[in-house]
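Have a look at input_13.cif below; it lists mmCIF, N, CA and C atoms.
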data_my_file
loop_
_atom_site.label_atom_id
_atom_site.label_comp_id
_atom_site.auth_asym_id
_atom_site.auth_seq_id
_atom_site.Cartn_x
_atom_site.Cartn_y
_atom_site.Cartn_z
N PHE U 1179 0.84 -1.19 0.00
CA PHE U 1179 0.00 0.00 0.00
C PHE U 1179 0.88 1.25 0.00
N MET U 1180 1.86 1.29 0.91
CA MET U 1180 2.73 2.46 0.98
C MET U 1180 3.55 2.59 -0.30
N GLN U 1181 4.00 1.47 -0.83
CA GLN U 1181 4.76 1.52 -2.09
C GLN U 1181 3.88 2.03 -3.22
N ALA U 1182 2.64 1.58 -3.28
CA ALA U 1182 1.73 2.03 -4.34
C ALA U 1182 1.49 3.53 -4.23
N ILE U 1183 1.32 4.04 -3.00
CA ILE U 1183 1.14 5.47 -2.81
C ILE U 1183 2.40 6.23 -3.22
N SER U 1184 3.54 5.75 -2.72
CA SER U 1184 4.80 6.47 -2.92
C SER U 1184 5.32 6.43 -4.36
N THR U 1185 4.86 5.46 -5.14
CA THR U 1185 5.28 5.38 -6.54
C THR U 1185 4.14 5.76 -7.49
N ASN U 1186 3.00 6.18 -6.90
CA ASN U 1186 1.84 6.59 -7.70
C ASN U 1186 1.43 5.48 -8.66
N ASP U 1187 1.44 4.24 -8.15
CA ASP U 1187 1.18 3.06 -8.97
C ASP U 1187 -0.26 2.58 -8.77
N SER U 1188 -1.17 3.08 -9.60
CA SER U 1188 -2.58 2.71 -9.45
C SER U 1188 -2.83 1.25 -9.79
N ALA U 1189 -2.01 0.66 -10.68
CA ALA U 1189 -2.17 -0.76 -11.00
C ALA U 1189 -1.83 -1.62 -9.78
N LEU U 1190 -0.76 -1.28 -9.08
CA LEU U 1190 -0.41 -2.01 -7.86
C LEU U 1190 -1.49 -1.82 -6.80
N MET U 1191 -2.01 -0.61 -6.65
CA MET U 1191 -3.06 -0.36 -5.68
C MET U 1191 -4.27 -1.23 -5.99
N ALA U 1192 -4.65 -1.33 -7.25
CA ALA U 1192 -5.79 -2.16 -7.63
C ALA U 1192 -5.52 -3.63 -7.37
N GLU U 1193 -4.28 -4.05 -7.53
CA GLU U 1193 -3.90 -5.45 -7.31
C GLU U 1193 -3.97 -5.84 -5.84
N ILE U 1194 -3.61 -4.93 -4.95
CA ILE U 1194 -3.55 -5.29 -3.53
C ILE U 1194 -4.84 -4.99 -2.77
N ARG U 1195 -5.74 -4.23 -3.37
CA ARG U 1195 -7.02 -3.90 -2.73
C ARG U 1195 -8.13 -4.75 -3.33
N ILE U 1196 -9.16 -4.97 -2.56
CA ILE U 1196 -10.33 -5.70 -3.03
C ILE U 1196 -11.36 -4.67 -3.50
N GLU U 1197 -11.75 -4.79 -4.76
CA GLU U 1197 -12.73 -3.85 -5.30
C GLU U 1197 -14.01 -3.93 -4.48
N GLY U 1198 -14.56 -2.77 -4.17
CA GLY U 1198 -15.78 -2.70 -3.36
C GLY U 1198 -15.50 -2.56 -1.88
N GLY U 1199 -14.23 -2.70 -1.47
CA GLY U 1199 -13.87 -2.48 -0.07
C GLY U 1199 -14.01 -1.00 0.27
N SER U 1200 -13.96 -0.70 1.54
CA SER U 1200 -14.18 0.68 1.93
C SER U 1200 -12.88 1.39 2.27
N THR U 1201 -12.94 2.71 2.14
CA THR U 1201 -11.88 3.61 2.59
C THR U 1201 -12.56 4.63 3.50
N ILE U 1202 -12.02 4.79 4.70
CA ILE U 1202 -12.57 5.75 5.66
C ILE U 1202 -11.43 6.63 6.14
N VAL U 1203 -11.63 7.94 6.05
CA VAL U 1203 -10.61 8.91 6.47
C VAL U 1203 -11.22 9.79 7.55
N SER U 1204 -10.49 9.94 8.66
CA SER U 1204 -10.94 10.78 9.77
C SER U 1204 -9.97 11.94 9.93
N ARG U 1205 -10.49 13.16 9.88
CA ARG U 1205 -9.67 14.36 10.04
C ARG U 1205 -10.50 15.43 10.73
N ARG U 1206 -9.84 16.42 11.29
CA ARG U 1206 -10.55 17.57 11.88
C ARG U 1206 -11.15 18.40 10.76
N ASP U 1207 -12.28 19.00 11.03
CA ASP U 1207 -12.86 19.87 10.00
C ASP U 1207 -12.03 21.14 9.88
N SER U 1208 -12.20 21.86 8.79
CA SER U 1208 -11.37 23.04 8.51
C SER U 1208 -11.58 24.15 9.53
N ALA U 1209 -12.69 24.12 10.25
CA ALA U 1209 -12.95 25.14 11.27
C ALA U 1209 -12.28 24.78 12.60
N GLY U 1210 -11.62 23.61 12.64
CA GLY U 1210 -10.92 23.21 13.86
C GLY U 1210 -11.84 22.66 14.93
N GLY U 1211 -13.02 22.22 14.54
CA GLY U 1211 -13.98 21.69 15.50
C GLY U 1211 -13.47 20.43 16.20
N GLU U 1212 -14.12 20.09 17.28
CA GLU U 1212 -13.72 18.92 18.08
C GLU U 1212 -14.05 17.60 17.40
N ALA U 1213 -15.19 17.53 16.74
CA ALA U 1213 -15.61 16.27 16.13
C ALA U 1213 -14.84 16.03 14.84
N PRO U 1214 -14.37 14.80 14.63
CA PRO U 1214 -13.68 14.52 13.37
C PRO U 1214 -14.66 14.53 12.20
N LEU U 1215 -14.14 14.91 11.06
CA LEU U 1215 -14.88 14.84 9.80
C LEU U 1215 -14.51 13.50 9.18
N VAL U 1216 -15.48 12.65 8.98
CA VAL U 1216 -15.23 11.31 8.47
C VAL U 1216 -15.70 11.23 7.03
N THR U 1217 -14.81 10.77 6.15
CA THR U 1217 -15.13 10.60 4.73
C THR U 1217 -15.11 9.11 4.43
N ARG U 1218 -16.17 8.62 3.81
CA ARG U 1218 -16.26 7.21 3.43
C ARG U 1218 -16.38 7.12 1.92
N ARG U 1219 -15.69 6.14 1.35
CA ARG U 1219 -15.85 5.90 -0.08
C ARG U 1219 -15.55 4.43 -0.36
N VAL U 1220 -16.14 3.95 -1.42
CA VAL U 1220 -15.93 2.57 -1.86
C VAL U 1220 -14.72 2.54 -2.77
N PHE U 1221 -13.85 1.54 -2.57
CA PHE U 1221 -12.66 1.45 -3.43
C PHE U 1221 -13.03 0.83 -4.77
N THR U 1222 -12.64 1.52 -5.83
CA THR U 1222 -12.66 0.97 -7.18
C THR U 1222 -11.30 1.32 -7.79
N PRO U 1223 -10.83 0.57 -8.76
CA PRO U 1223 -9.53 0.91 -9.36
C PRO U 1223 -9.45 2.36 -9.83
N SER U 1224 -10.55 2.93 -10.27
CA SER U 1224 -10.51 4.32 -10.75
C SER U 1224 -10.29 5.31 -9.62
N THR U 1225 -10.66 4.98 -8.37
CA THR U 1225 -10.45 5.91 -7.27
C THR U 1225 -8.99 5.99 -6.86
N SER U 1226 -8.15 5.07 -7.33
CA SER U 1226 -6.73 5.11 -6.97
C SER U 1226 -5.89 5.71 -8.09
N ALA U 1227 -6.51 6.17 -9.16
CA ALA U 1227 -5.76 6.63 -10.34
C ALA U 1227 -5.57 8.14 -10.34
N ARG U 1228 -5.29 8.73 -9.17
CA ARG U 1228 -5.06 10.17 -9.09
C ARG U 1228 -3.55 10.45 -9.04
N PRO U 1229 -3.03 11.31 -9.90
CA PRO U 1229 -1.61 11.63 -9.84
C PRO U 1229 -1.25 12.25 -8.50
N SER U 1230 -0.09 11.90 -7.98
CA SER U 1230 0.32 12.39 -6.68
C SER U 1230 1.84 12.47 -6.61
N THR U 1231 2.34 13.38 -5.80
CA THR U 1231 3.77 13.45 -5.52
C THR U 1231 4.03 13.03 -4.08
N GLY U 1232 3.06 12.37 -3.48
CA GLY U 1232 3.15 12.00 -2.07
C GLY U 1232 4.00 10.76 -1.83
N LYS U 1233 4.55 10.70 -0.62
CA LYS U 1233 5.28 9.53 -0.13
C LYS U 1233 4.74 9.24 1.26
N GLU U 1234 4.65 7.96 1.59
CA GLU U 1234 4.16 7.59 2.91
C GLU U 1234 5.07 6.53 3.49
N ARG U 1235 5.39 6.70 4.78
CA ARG U 1235 6.20 5.72 5.49
C ARG U 1235 5.53 5.40 6.82
N TYR U 1236 5.76 4.20 7.31
CA TYR U 1236 5.14 3.75 8.55
C TYR U 1236 6.19 3.09 9.44
N TRP U 1237 5.80 2.79 10.66
CA TRP U 1237 6.70 2.15 11.62
C TRP U 1237 5.87 1.45 12.70
N ASP U 1238 6.50 0.53 13.38
CA ASP U 1238 5.91 -0.18 14.53
C ASP U 1238 4.52 -0.76 14.25
N PRO U 1239 4.35 -1.48 13.15
CA PRO U 1239 3.02 -2.04 12.89
C PRO U 1239 2.66 -3.11 13.91
N VAL U 1240 1.38 -3.16 14.24
CA VAL U 1240 0.82 -4.23 15.07
C VAL U 1240 -0.06 -5.05 14.13
N VAL U 1241 0.22 -6.35 14.05
CA VAL U 1241 -0.48 -7.22 13.10
C VAL U 1241 -1.14 -8.36 13.87
N HIS U 1242 -2.41 -8.56 13.63
CA HIS U 1242 -3.15 -9.68 14.20
C HIS U 1242 -3.66 -10.54 13.05
N VAL U 1243 -3.39 -11.84 13.11
CA VAL U 1243 -3.79 -12.77 12.06
C VAL U 1243 -4.54 -13.93 12.69
N ARG U 1244 -5.63 -14.30 12.08
CA ARG U 1244 -6.37 -15.50 12.48
C ARG U 1244 -6.96 -16.09 11.21
N GLY U 1245 -6.48 -17.27 10.85
CA GLY U 1245 -6.98 -17.91 9.63
C GLY U 1245 -6.74 -17.03 8.43
N GLY U 1246 -7.81 -16.76 7.70
CA GLY U 1246 -7.70 -15.98 6.47
C GLY U 1246 -7.99 -14.50 6.62
N ILE U 1247 -8.00 -13.99 7.89
CA ILE U 1247 -8.21 -12.56 8.08
C ILE U 1247 -7.07 -11.98 8.92
N ALA U 1248 -6.83 -10.69 8.74
CA ALA U 1248 -5.79 -10.01 9.50
C ALA U 1248 -6.15 -8.53 9.63
N VAL U 1249 -5.57 -7.91 10.66
CA VAL U 1249 -5.71 -6.48 10.88
C VAL U 1249 -4.31 -5.91 11.11
N VAL U 1250 -4.02 -4.79 10.46
CA VAL U 1250 -2.75 -4.09 10.66
C VAL U 1250 -3.07 -2.69 11.17
N TRP U 1251 -2.39 -2.28 12.25
CA TRP U 1251 -2.54 -0.95 12.84
C TRP U 1251 -1.15 -0.36 12.92
N THR U 1252 -0.93 0.83 12.34
CA THR U 1252 0.42 1.39 12.33
C THR U 1252 0.40 2.92 12.23
N PRO U 1253 1.29 3.59 12.95
CA PRO U 1253 1.46 5.02 12.73
C PRO U 1253 2.12 5.25 11.37
N TYR U 1254 1.89 6.42 10.79
CA TYR U 1254 2.49 6.75 9.49
C TYR U 1254 2.75 8.24 9.41
N GLU U 1255 3.59 8.61 8.43
CA GLU U 1255 3.79 10.01 8.09
C GLU U 1255 3.69 10.14 6.57
N TYR U 1256 2.99 11.17 6.13
CA TYR U 1256 2.78 11.41 4.71
C TYR U 1256 3.51 12.69 4.33
N TRP U 1257 4.30 12.61 3.25
CA TRP U 1257 5.02 13.77 2.71
C TRP U 1257 4.43 14.10 1.34
N ASN U 1258 4.35 15.39 1.05
CA ASN U 1258 3.91 15.85 -0.26
C ASN U 1258 4.93 16.86 -0.76
N ASP U 1259 5.42 16.68 -1.96
CA ASP U 1259 6.44 17.55 -2.53
C ASP U 1259 7.65 17.69 -1.61
N GLY U 1260 8.03 16.59 -0.96
CA GLY U 1260 9.22 16.57 -0.12
C GLY U 1260 9.06 17.18 1.26
N LYS U 1261 7.84 17.59 1.63
CA LYS U 1261 7.60 18.20 2.94
C LYS U 1261 6.57 17.38 3.71
N SER U 1262 6.78 17.29 5.01
CA SER U 1262 5.81 16.57 5.85
C SER U 1262 4.46 17.27 5.77
N SER U 1263 3.43 16.50 5.46
CA SER U 1263 2.07 17.02 5.40
C SER U 1263 1.32 16.72 6.69
N HIS U 1264 1.40 15.45 7.11
CA HIS U 1264 0.68 15.04 8.30
C HIS U 1264 1.11 13.64 8.73
N CYS U 1265 0.71 13.28 9.93
CA CYS U 1265 0.89 11.93 10.46
C CYS U 1265 -0.48 11.40 10.81
N GLY U 1266 -0.50 10.18 11.29
CA GLY U 1266 -1.76 9.59 11.70
C GLY U 1266 -1.60 8.11 11.94
N ILE U 1267 -2.73 7.44 11.98
CA ILE U 1267 -2.77 5.99 12.17
C ILE U 1267 -3.45 5.38 10.96
N ASP U 1268 -2.82 4.35 10.40
CA ASP U 1268 -3.41 3.55 9.33
C ASP U 1268 -3.94 2.26 9.93
N VAL U 1269 -5.11 1.83 9.49
CA VAL U 1269 -5.67 0.54 9.89
C VAL U 1269 -6.13 -0.16 8.61
N PHE U 1270 -5.67 -1.39 8.44
CA PHE U 1270 -6.04 -2.17 7.26
C PHE U 1270 -6.66 -3.49 7.69
N ASP U 1271 -7.81 -3.81 7.11
CA ASP U 1271 -8.41 -5.14 7.25
C ASP U 1271 -7.99 -5.91 6.01
N LEU U 1272 -7.42 -7.08 6.22
CA LEU U 1272 -6.96 -7.89 5.09
C LEU U 1272 -7.66 -9.23 5.08
N MET U 1273 -7.72 -9.83 3.90
CA MET U 1273 -8.21 -11.20 3.77
C MET U 1273 -7.33 -11.94 2.78
N LYS U 1274 -7.20 -13.21 3.03
CA LYS U 1274 -6.40 -14.04 2.13
C LYS U 1274 -7.33 -14.60 1.07
N GLU U 1275 -7.00 -14.29 -0.17
CA GLU U 1275 -7.83 -14.70 -1.29
C GLU U 1275 -6.94 -15.45 -2.27
N ASN U 1276 -7.23 -16.73 -2.49
CA ASN U 1276 -6.41 -17.57 -3.38
C ASN U 1276 -4.94 -17.54 -2.97
N GLY U 1277 -4.70 -17.57 -1.65
CA GLY U 1277 -3.34 -17.61 -1.13
C GLY U 1277 -2.61 -16.28 -1.09
N VAL U 1278 -3.30 -15.17 -1.43
CA VAL U 1278 -2.67 -13.85 -1.47
C VAL U 1278 -3.41 -12.92 -0.51
N TRP U 1279 -2.64 -12.21 0.34
CA TRP U 1279 -3.24 -11.22 1.23
C TRP U 1279 -3.59 -9.96 0.45
N ARG U 1280 -4.83 -9.48 0.62
CA ARG U 1280 -5.29 -8.26 -0.05
C ARG U 1280 -6.04 -7.40 0.96
N ILE U 1281 -6.02 -6.10 0.73
CA ILE U 1281 -6.68 -5.16 1.63
C ILE U 1281 -8.16 -5.10 1.30
N ALA U 1282 -8.99 -5.44 2.29
CA ALA U 1282 -10.43 -5.37 2.12
C ALA U 1282 -10.94 -3.97 2.45
N ASN U 1283 -10.41 -3.40 3.54
CA ASN U 1283 -10.82 -2.07 3.97
C ASN U 1283 -9.60 -1.32 4.49
N ALA U 1284 -9.61 -0.01 4.31
CA ALA U 1284 -8.52 0.83 4.80
C ALA U 1284 -9.12 2.05 5.51
N MET U 1285 -8.54 2.38 6.67
CA MET U 1285 -8.95 3.57 7.41
C MET U 1285 -7.69 4.29 7.85
N TRP U 1286 -7.77 5.61 7.96
CA TRP U 1286 -6.65 6.33 8.53
C TRP U 1286 -7.11 7.66 9.08
N THR U 1287 -6.31 8.16 10.02
CA THR U 1287 -6.53 9.50 10.55
C THR U 1287 -5.56 10.44 9.86
N VAL U 1288 -5.94 11.70 9.78
CA VAL U 1288 -5.09 12.76 9.24
C VAL U 1288 -4.88 13.75 10.39
N GLU U 1289 -3.64 13.77 10.92
CA GLU U 1289 -3.36 14.56 12.12
C GLU U 1289 -2.08 15.38 11.95
N PRO U 1290 -2.16 16.55 11.31
CA PRO U 1290 -0.95 17.35 11.08
C PRO U 1290 -0.20 17.70 12.36
N GLU U 1291 -0.91 17.88 13.46
CA GLU U 1291 -0.29 18.28 14.71
C GLU U 1291 0.31 17.11 15.50
N ALA U 1292 0.13 15.88 15.04
CA ALA U 1292 0.55 14.71 15.82
C ALA U 1292 1.91 14.14 15.44
N CYS U 1293 2.58 14.72 14.46
CA CYS U 1293 3.84 14.13 13.98
C CYS U 1293 4.90 14.01 15.07
N ALA U 1294 5.08 15.05 15.86
CA ALA U 1294 6.11 15.00 16.90
C ALA U 1294 5.85 13.85 17.88
N ALA U 1295 4.60 13.63 18.21
CA ALA U 1295 4.25 12.57 19.17
C ALA U 1295 4.31 11.18 18.54
N LEU U 1296 4.02 11.07 17.25
CA LEU U 1296 3.94 9.76 16.61
C LEU U 1296 5.25 9.27 15.98
N ARG U 1297 6.10 10.18 15.53
CA ARG U 1297 7.34 9.77 14.84
C ARG U 1297 8.18 8.86 15.74
N PRO U 1298 8.82 7.84 15.14
CA PRO U 1298 9.66 6.96 15.96
C PRO U 1298 10.95 7.67 16.36
N ALA U 1299 11.43 7.37 17.56
CA ALA U 1299 12.70 7.94 18.00
C ALA U 1299 13.85 7.39 17.17
N ASP U 1300 13.69 6.16 16.69
CA ASP U 1300 14.72 5.50 15.90
C ASP U 1300 14.30 5.51 14.43
N PRO U 1301 14.92 6.36 13.59
CA PRO U 1301 14.51 6.44 12.18
C PRO U 1301 14.74 5.16 11.38
N SER U 1302 15.54 4.23 11.92
CA SER U 1302 15.74 2.97 11.19
C SER U 1302 14.48 2.11 11.18
N LYS U 1303 13.47 2.47 11.99
CA LYS U 1303 12.20 1.74 12.01
C LYS U 1303 11.30 2.10 10.82
N LEU U 1304 11.60 3.20 10.13
CA LEU U 1304 10.74 3.66 9.03
C LEU U 1304 10.73 2.65 7.89
N ARG U 1305 9.54 2.39 7.35
CA ARG U 1305 9.34 1.50 6.22
C ARG U 1305 8.45 2.21 5.21
N PRO U 1306 8.57 2.03 3.96
CA PRO U 1306 9.66 1.34 3.32
C PRO U 1306 10.97 2.11 3.50
N LYS U 1307 12.06 1.39 3.43
CA LYS U 1307 13.38 1.99 3.61
C LYS U 1307 13.69 2.90 2.44
N GLY U 1308 14.49 3.92 2.70
CA GLY U 1308 15.00 4.79 1.64
C GLY U 1308 14.13 5.87 1.18
#
Rewrite the coordinates I just gave you, this time as structure tokens.
Amino acid sequence: FMQAISTNDSALMAEIRIEGGSTIVSRRDSAGGEAPLVTRRVFTPSTSARPSTGKERYWDPVVHVRGGIAVVWTPYEYWNDGKSSHCGIDVFDLMKENGVWRIANAMWTVEPEACAALRPADPSKLRPKG
């Protein structure tokens, strides 16, 4: 997922996601209100075909697996045009389909003010490397 975002590879994104799965994004509204603004959308290959200069890296993932389902929870940082845009938490629901793990649903928070608290003290933990 992070590689697909960071390389702007919509074909890879379509390959690793399950069509019809959901995407949910939670962020503060532009007025700075207390309640998060939640955006929901259904994943289709066309929704991932937006040009981007963004890069995303994550660290310290927590992964739970049972049979053919899994959940991944991880902090992340997103950069746009070489500058930090925001941090947050990514959550992915995965399922094993024909022996391959694919993302059924993806959720994340957008928290520009949380980077200092979320960034790892050890930069060698950042993934993908480089």
Handout entry: Test item: the PyMOL selection byres (((chain U and resi 1303-1307 and name CA) around 7) and name CA) resolved as a PyMOL selection string
Key = chain U and resi 1235-1237+1300-1302+1308
DSSP strand (DSSP E) selection over chain U, as a short mmCIF file (atom, residue, chain, number, x, y, z; two decimals) with N, CA and C atoms, keeping the file's coordinate frame:
data_model
loop_
_atom_site.label_atom_id
_atom_site.label_comp_id
_atom_site.auth_asym_id
_atom_site.auth_seq_id
_atom_site.Cartn_x
_atom_site.Cartn_y
_atom_site.Cartn_z
N SER U 1200 -13.96 -0.70 1.54
CA SER U 1200 -14.18 0.68 1.93
C SER U 1200 -12.88 1.39 2.27
N THR U 1201 -12.94 2.71 2.14
CA THR U 1201 -11.88 3.61 2.59
C THR U 1201 -12.56 4.63 3.50
N ILE U 1202 -12.02 4.79 4.70
CA ILE U 1202 -12.57 5.75 5.66
C ILE U 1202 -11.43 6.63 6.14
N VAL U 1203 -11.63 7.94 6.05
CA VAL U 1203 -10.61 8.91 6.47
C VAL U 1203 -11.22 9.79 7.55
N SER U 1204 -10.49 9.94 8.66
CA SER U 1204 -10.94 10.78 9.77
C SER U 1204 -9.97 11.94 9.93
N ARG U 1205 -10.49 13.16 9.88
CA ARG U 1205 -9.67 14.36 10.04
C ARG U 1205 -10.50 15.43 10.73
N ARG U 1206 -9.84 16.42 11.29
CA ARG U 1206 -10.55 17.57 11.88
C ARG U 1206 -11.15 18.40 10.76
N PRO U 1214 -14.37 14.80 14.63
CA PRO U 1214 -13.68 14.52 13.37
C PRO U 1214 -14.66 14.53 12.20
N LEU U 1215 -14.14 14.91 11.06
CA LEU U 1215 -14.88 14.84 9.80
C LEU U 1215 -14.51 13.50 9.18
N VAL U 1216 -15.48 12.65 8.98
CA VAL U 1216 -15.23 11.31 8.47
C VAL U 1216 -15.70 11.23 7.03
N THR U 1217 -14.81 10.77 6.15
CA THR U 1217 -15.13 10.60 4.73
C THR U 1217 -15.11 9.11 4.43
N ARG U 1218 -16.17 8.62 3.81
CA ARG U 1218 -16.26 7.21 3.43
C ARG U 1218 -16.38 7.12 1.92
N ARG U 1219 -15.69 6.14 1.35
CA ARG U 1219 -15.85 5.90 -0.08
C ARG U 1219 -15.55 4.43 -0.36
N VAL U 1220 -16.14 3.95 -1.42
CA VAL U 1220 -15.93 2.57 -1.86
C VAL U 1220 -14.72 2.54 -2.77
N GLY U 1232 3.06 12.37 -3.48
CA GLY U 1232 3.15 12.00 -2.07
C GLY U 1232 4.00 10.76 -1.83
N LYS U 1233 4.55 10.70 -0.62
CA LYS U 1233 5.28 9.53 -0.13
C LYS U 1233 4.74 9.24 1.26
N GLU U 1234 4.65 7.96 1.59
CA GLU U 1234 4.16 7.59 2.91
C GLU U 1234 5.07 6.53 3.49
N ARG U 1235 5.39 6.70 4.78
CA ARG U 1235 6.20 5.72 5.49
C ARG U 1235 5.53 5.40 6.82
N TYR U 1236 5.76 4.20 7.31
CA TYR U 1236 5.14 3.75 8.55
C TYR U 1236 6.19 3.09 9.44
N VAL U 1240 1.38 -3.16 14.24
CA VAL U 1240 0.82 -4.23 15.07
C VAL U 1240 -0.06 -5.05 14.13
N VAL U 1241 0.22 -6.35 14.05
CA VAL U 1241 -0.48 -7.22 13.10
C VAL U 1241 -1.14 -8.36 13.87
N HIS U 1242 -2.41 -8.56 13.63
CA HIS U 1242 -3.15 -9.68 14.20
C HIS U 1242 -3.66 -10.54 13.05
N VAL U 1243 -3.39 -11.84 13.11
CA VAL U 1243 -3.79 -12.77 12.06
C VAL U 1243 -4.54 -13.93 12.69
N ARG U 1244 -5.63 -14.30 12.08
CA ARG U 1244 -6.37 -15.50 12.48
C ARG U 1244 -6.96 -16.09 11.21
N ILE U 1247 -8.00 -13.99 7.89
CA ILE U 1247 -8.21 -12.56 8.08
C ILE U 1247 -7.07 -11.98 8.92
N ALA U 1248 -6.83 -10.69 8.74
CA ALA U 1248 -5.79 -10.01 9.50
C ALA U 1248 -6.15 -8.53 9.63
N VAL U 1249 -5.57 -7.91 10.66
CA VAL U 1249 -5.71 -6.48 10.88
C VAL U 1249 -4.31 -5.91 11.11
N VAL U 1250 -4.02 -4.79 10.46
CA VAL U 1250 -2.75 -4.09 10.66
C VAL U 1250 -3.07 -2.69 11.17
N TRP U 1251 -2.39 -2.28 12.25
CA TRP U 1251 -2.54 -0.95 12.84
C TRP U 1251 -1.15 -0.36 12.92
N THR U 1252 -0.93 0.83 12.34
CA THR U 1252 0.42 1.39 12.33
C THR U 1252 0.40 2.92 12.23
N PRO U 1253 1.29 3.59 12.95
CA PRO U 1253 1.46 5.02 12.73
C PRO U 1253 2.12 5.25 11.37
N TYR U 1254 1.89 6.42 10.79
CA TYR U 1254 2.49 6.75 9.49
C TYR U 1254 2.75 8.24 9.41
N GLU U 1255 3.59 8.61 8.43
CA GLU U 1255 3.79 10.01 8.09
C GLU U 1255 3.69 10.14 6.57
N TYR U 1256 2.99 11.17 6.13
CA TYR U 1256 2.78 11.41 4.71
C TYR U 1256 3.51 12.69 4.33
N TRP U 1257 4.30 12.61 3.25
CA TRP U 1257 5.02 13.77 2.71
C TRP U 1257 4.43 14.10 1.34
N ASN U 1258 4.35 15.39 1.05
CA ASN U 1258 3.91 15.85 -0.26
C ASN U 1258 4.93 16.86 -0.76
N LYS U 1261 7.84 17.59 1.63
CA LYS U 1261 7.60 18.20 2.94
C LYS U 1261 6.57 17.38 3.71
N SER U 1262 6.78 17.29 5.01
CA SER U 1262 5.81 16.57 5.85
C SER U 1262 4.46 17.27 5.77
N SER U 1263 3.43 16.50 5.46
CA SER U 1263 2.07 17.02 5.40
C SER U 1263 1.32 16.72 6.69
N HIS U 1264 1.40 15.45 7.11
CA HIS U 1264 0.68 15.04 8.30
C HIS U 1264 1.11 13.64 8.73
N CYS U 1265 0.71 13.28 9.93
CA CYS U 1265 0.89 11.93 10.46
C CYS U 1265 -0.48 11.40 10.81
N GLY U 1266 -0.50 10.18 11.29
CA GLY U 1266 -1.76 9.59 11.70
C GLY U 1266 -1.60 8.11 11.94
N ILE U 1267 -2.73 7.44 11.98
CA ILE U 1267 -2.77 5.99 12.17
C ILE U 1267 -3.45 5.38 10.96
N ASP U 1268 -2.82 4.35 10.40
CA ASP U 1268 -3.41 3.55 9.33
C ASP U 1268 -3.94 2.26 9.93
N VAL U 1269 -5.11 1.83 9.49
CA VAL U 1269 -5.67 0.54 9.89
C VAL U 1269 -6.13 -0.16 8.61
N PHE U 1270 -5.67 -1.39 8.44
CA PHE U 1270 -6.04 -2.17 7.26
C PHE U 1270 -6.66 -3.49 7.69
N ASP U 1271 -7.81 -3.81 7.11
CA ASP U 1271 -8.41 -5.14 7.25
C ASP U 1271 -7.99 -5.91 6.01
N LEU U 1272 -7.42 -7.08 6.22
CA LEU U 1272 -6.96 -7.89 5.09
C LEU U 1272 -7.66 -9.23 5.08
N MET U 1273 -7.72 -9.83 3.90
CA MET U 1273 -8.21 -11.20 3.77
C MET U 1273 -7.33 -11.94 2.78
N LYS U 1274 -7.20 -13.21 3.03
CA LYS U 1274 -6.40 -14.04 2.13
C LYS U 1274 -7.33 -14.60 1.07
N GLU U 1275 -7.00 -14.29 -0.17
CA GLU U 1275 -7.83 -14.70 -1.29
C GLU U 1275 -6.94 -15.45 -2.27
N VAL U 1278 -3.30 -15.17 -1.43
CA VAL U 1278 -2.67 -13.85 -1.47
C VAL U 1278 -3.41 -12.92 -0.51
N TRP U 1279 -2.64 -12.21 0.34
CA TRP U 1279 -3.24 -11.22 1.23
C TRP U 1279 -3.59 -9.96 0.45
N ARG U 1280 -4.83 -9.48 0.62
CA ARG U 1280 -5.29 -8.26 -0.05
C ARG U 1280 -6.04 -7.40 0.96
N ILE U 1281 -6.02 -6.10 0.73
CA ILE U 1281 -6.68 -5.16 1.63
C ILE U 1281 -8.16 -5.10 1.30
N ALA U 1282 -8.99 -5.44 2.29
CA ALA U 1282 -10.43 -5.37 2.12
C ALA U 1282 -10.94 -3.97 2.45
N ASN U 1283 -10.41 -3.40 3.54
CA ASN U 1283 -10.82 -2.07 3.97
C ASN U 1283 -9.60 -1.32 4.49
N ALA U 1284 -9.61 -0.01 4.31
CA ALA U 1284 -8.52 0.83 4.80
C ALA U 1284 -9.12 2.05 5.51
N MET U 1285 -8.54 2.38 6.67
CA MET U 1285 -8.95 3.57 7.41
C MET U 1285 -7.69 4.29 7.85
N TRP U 1286 -7.77 5.61 7.96
CA TRP U 1286 -6.65 6.33 8.53
C TRP U 1286 -7.11 7.66 9.08
N THR U 1287 -6.31 8.16 10.02
CA THR U 1287 -6.53 9.50 10.55
C THR U 1287 -5.56 10.44 9.86
N VAL U 1288 -5.94 11.70 9.78
CA VAL U 1288 -5.09 12.76 9.24
C VAL U 1288 -4.88 13.75 10.39
#
Problem - Atomic distance CA of Gly1260 in chain U - CA of Ala1299 in chain U, expressed in Å with one decimal - result: 20.4 Å
Practice task
I would like the residues chosen by the PyMOL selection byres ((chain U and resi 1275-1281) around 8) on the shown file; could you give them as number ranges by chain?
Solution key: U: 1193-1197, 1199-1200, 1246, 1270-1274, 1282-1284
Fill in the blank from the handout: The residue from U:Gly1232, U:Gly1266, U:Pro1239, U:Gly1198 with the smallest atom-to-atom distance to Ala1294 in chain U, counting only C-alpha atoms, is U:Gly1266
